[in-house]
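Written below as structure tokens is the structure these notes are about.
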Amino acid sequence: MKRVAVIGGGITGVTTAYALAKRGVDVTLIERHRYPAMETSYANGGQLSASHAEVWNHKATIWNALKWMTRRDAPLLLNPTPGWHKLSWFAQFLAAMPDYERNTIATARMAIAARAHLFAWAQEENIAFDHRRAGILHVYRDRRGFERAAGVSRLLAQGGLQRRAVTPQEMRAIEPTLHGDFYGGYYTDSDSTGDIHKFTSGLADACVRLGVACRYGTQVTALARKHGKVRVSMDEDSTLFDAVVVCAGTASRAMAAMLGDHVNVYPVKGYSITVQLDDAASRMAAPTVSLLDDATKLVCSRLGEDRLRVAGTAEFNGYNDDIRADRIRPLLRWVEQCFPGVNTRKVIPWAGLRPMLPAMLPKVGPGKAPGVYYNTGHGHLGWTLAAATAEMVATMVDKAVDKAGG
């Protein structure tokens, strides 16, 4: 049996390990933390959102970034300090703008394909992850934003996703607890939500049952091709594998460089808060339908009965996962304004680094050297796309190792 190393124990690494193990491949999962899903897959917005498949390579993104540069609490914050990595990333981001429509459609298709795999795996492995199939409601506070969303909806429809326009009255029928003045919205009833950390941890347990060797608390220090195999150096030892799949999030760029590849992942920081709904009044006042507020670029998801997750913002500030009070404050303020009956005395803040590629599409497939593969760079849609990209790369690896085996 061919041996394959999967580097990274977040949602992409664990789904990749699982998809390979289901194909009978001998898999070793390597994760630097003591447990799976302890970084970007720990406390995201919770949305499984094909309706959020629009890529960011659009002039509106550039305009907002420039407009908000002086605001420390801006939804999109760009640190103006220059650096080669940041400059090269943005140059490629701008170069990908002509592909905005094609990439948005492709992302929507991947997101829809991912659903079937993820739901089937959760059912087969009996994973409880606070899954809620109540749809996602995008809300718009002005006509301009609403009309721009109509164009996005047409692209999503080309990718196979249907979402419908709703009036403010219909919005409140869908989510009665929502407060505020809105021009209109779009509702996608096929989208859903869930706890990414619970799902990833449950699937990691399933990997163990399938025979995956999970090496937690293990740092990869070097990668190299040797004698037709891939040598993975880990802490104080090294092992030869027939193939390696790099699913290392923001660390993927450095690992790719060791293997002679350029995977220009940039760490885009996002923030979240988890509001504990400890009293009956808060549970009644909190939403049950997941929302995305276009003006603030914030999302919320109800996780079980007693938690409300609010997440969003994008901060281009390098490899820095500090939790800043001035970036958390807008999330709290949003809850207080949109859901004033929710008690915010008990709130857990969090920050994570999304691994983003300039064209906003993940890198899924082989590197330059034989036996080297990537499944990384999912950006803000890692949770949404992971099951599809895991199936894609697992199919490639399985065929390659079978062919190599004769």
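The way I read the labels, and the way they are meant: chains A, B, ... in the order of the structure tokens, residue 1 as the first residue of every chain, and ligand 1 as the first ligand shown, with later ones counted on from there.
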* Go through segment 113-318 of chain A and collect every residue that DSSP, computed from the backbone, puts in strand (DSSP E or B); the answer should be as a PyMOL selection string. => chain A and resi 132+136-140+164-166+184-188+192-193+213-216+220-226+229-234+237-241+243-246+266-276+290-293+298-303+307-316
* Can you list, as a ChimeraX atom specification, all residues belonging to segment 133-378 of chain A that DSSP tags as helix (DSSP H, G or I)? => /A:143-158,168-174,196-209,249-258,280-285,325-338
Generate the output file for the selected residues, C-alpha atoms, as a short mmCIF file (atom, residue, chain, number, x, y, z; two decimals), in the first residue's frame.
data_model
loop_
_atom_site.label_atom_id
_atom_site.label_comp_id
_atom_site.auth_asym_id
_atom_site.auth_seq_id
_atom_site.Cartn_x
_atom_site.Cartn_y
_atom_site.Cartn_z
CA ARG A 143 -30.57 50.29 -3.18
CA ARG A 144 -27.05 50.33 -4.64
CA GLY A 145 -25.94 47.28 -2.68
CA PHE A 146 -29.18 45.43 -3.40
CA GLU A 147 -28.95 46.05 -7.15
CA ARG A 148 -25.31 44.99 -7.27
CA ALA A 149 -26.36 41.76 -5.52
CA ALA A 150 -28.79 41.11 -8.37
CA GLY A 151 -25.82 40.83 -10.72
CA VAL A 152 -24.06 38.48 -8.32
CA SER A 153 -27.20 36.35 -8.17
CA ARG A 154 -27.13 35.95 -11.95
CA LEU A 155 -23.55 34.64 -11.74
CA LEU A 156 -24.45 32.26 -8.91
CA ALA A 157 -27.36 30.97 -11.00
CA GLN A 158 -24.89 30.10 -13.78
CA PRO A 168 -38.00 43.98 4.06
CA GLN A 169 -41.33 42.49 5.10
CA GLU A 170 -40.35 39.07 3.75
CA MET A 171 -36.96 39.38 5.48
CA ARG A 172 -38.66 39.82 8.84
CA ALA A 173 -40.93 36.88 8.14
CA ILE A 174 -37.81 34.78 7.49
CA ILE A 196 -16.60 23.81 11.91
CA HIS A 197 -14.56 22.80 14.96
CA LYS A 198 -17.05 20.11 16.01
CA PHE A 199 -17.27 18.74 12.47
CA THR A 200 -13.51 18.68 11.90
CA SER A 201 -12.85 17.05 15.27
CA GLY A 202 -15.53 14.43 14.61
CA LEU A 203 -14.15 13.66 11.16
CA ALA A 204 -10.63 13.42 12.60
CA ASP A 205 -11.92 10.74 14.98
CA ALA A 206 -13.41 8.94 11.98
CA CYS A 207 -10.00 9.11 10.28
CA VAL A 208 -8.47 7.26 13.22
CA ARG A 209 -11.14 4.56 12.93
CA GLY A 249 -3.25 26.97 5.45
CA THR A 250 -1.12 30.09 5.69
CA ALA A 251 2.02 27.94 6.16
CA SER A 252 1.51 26.44 2.70
CA ARG A 253 3.52 29.16 0.97
CA ALA A 254 6.70 28.35 2.92
CA MET A 255 6.19 24.60 2.50
CA ALA A 256 5.64 24.98 -1.24
CA ALA A 257 8.91 26.90 -1.52
CA MET A 258 10.75 23.92 0.01
CA ALA A 280 -34.23 32.45 27.91
CA ALA A 281 -34.73 36.06 26.79
CA SER A 282 -31.46 36.03 24.82
CA ARG A 283 -32.31 32.71 23.20
CA MET A 284 -35.66 34.14 22.09
CA ALA A 285 -34.06 37.37 20.80
CA ALA A 325 -10.27 45.22 20.85
CA ASP A 326 -10.98 47.85 18.19
CA ARG A 327 -11.71 45.08 15.68
CA ILE A 328 -13.92 43.11 18.07
CA ARG A 329 -15.98 46.14 19.11
CA PRO A 330 -17.88 46.45 15.76
CA LEU A 331 -19.03 42.82 16.07
CA LEU A 332 -20.45 43.50 19.52
CA ARG A 333 -22.05 46.73 18.34
CA TRP A 334 -23.68 44.88 15.44
CA VAL A 335 -25.30 42.37 17.80
CA GLU A 336 -26.55 45.16 20.06
CA GLN A 337 -28.08 47.04 17.10
CA CYS A 338 -29.55 44.14 15.12
#
* **Nearest candidate to Ala96 of chain A (options A:Tyr271, A:Tyr216, A:Tyr35, A:Trp56; using only C-alpha atoms)** =>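 Among the listed residues, A:Trp56 lies closest to Ala96 of chain A.
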* To do: Considering only C-alpha atoms, return as a ChimeraX atom specification whatever protein or nucleic-acid residues lie within 10 Å of segment 400-402 of chain A, sequence-local ones (same chain, fewer than 3 positions apart) excluded.
  => /A:1-4,25,242-243,370-371,394-397,405-406
* Asked: If you count only C-alpha atoms, which residues fall within 8 Å of Arg225 of chain A, apart from same-chain ones fewer than 4 positions away, as a list in words?
  ->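 Counting only the stated atoms, we get Lys229, Val230, Arg231, Leu259 and Ala369 of chain A.
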* Write out as a list in words which residues come within 6 Å of Arg32 of chain A when counting only C-alpha atoms, dropping same-chain ones fewer than 3 positions away. =>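 Skipping anything fewer than 3 positions along the chain leaves Tyr216, Gly217, Thr218 and Gln219 of chain A.
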* Between A:Phe182, A:Ala359, A:Ser41, A:Ser238, which one has atoms that come closest to Thr15 of chain A, using only C-alpha atoms? ->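 Looking only at the distances to Thr15 of chain A, the closest residue turns out to be A:Ser41.
Using only C-alpha atoms, the residues found no farther than 12 Å from Met234 of chain A, other than those of its own chain fewer than 5 positions away, are Ala5, Ile7, Leu29, Ile30, Glu31, Arg32, Arg215, Tyr216, Gly217, Thr218, Gln219, Val220, Thr221, Ala222, Leu223, Thr239 and Leu240 of chain A.
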Enumerate, in order of chain and increasing residue number, the residues of segment 279-319 of chain A with an atom no farther than 9 Å from segment 127-139 of chain A, each with its shortest atom pair and distance in Å to one decimal, counting only C-alpha atoms, as CSV.
residue,atom,partner,partner_atom,distance
A:Thr288,CA,A:Ala134,CA,7.4
A:Val289,CA,A:Ala134,CA,5.5
A:Ser290,CA,A:Ile136,CA,4.8
A:Leu291,CA,A:Leu137,CA,4.8
A:Leu292,CA,A:His138,CA,4.7
A:Asp293,CA,A:Val139,CA,5.1
A:Asp294,CA,A:Val139,CA,6.2
A:Ala295,CA,A:Val139,CA,8.4
A:Val299,CA,A:His138,CA,8.9
A:Ser301,CA,A:Ile136,CA,9.0
A:Arg302,CA,A:Arg132,CA,8.0
A:Leu303,CA,A:Asp130,CA,5.5
A:Gly304,CA,A:Asp130,CA,5.2
A:Glu305,CA,A:Asp130,CA,8.9
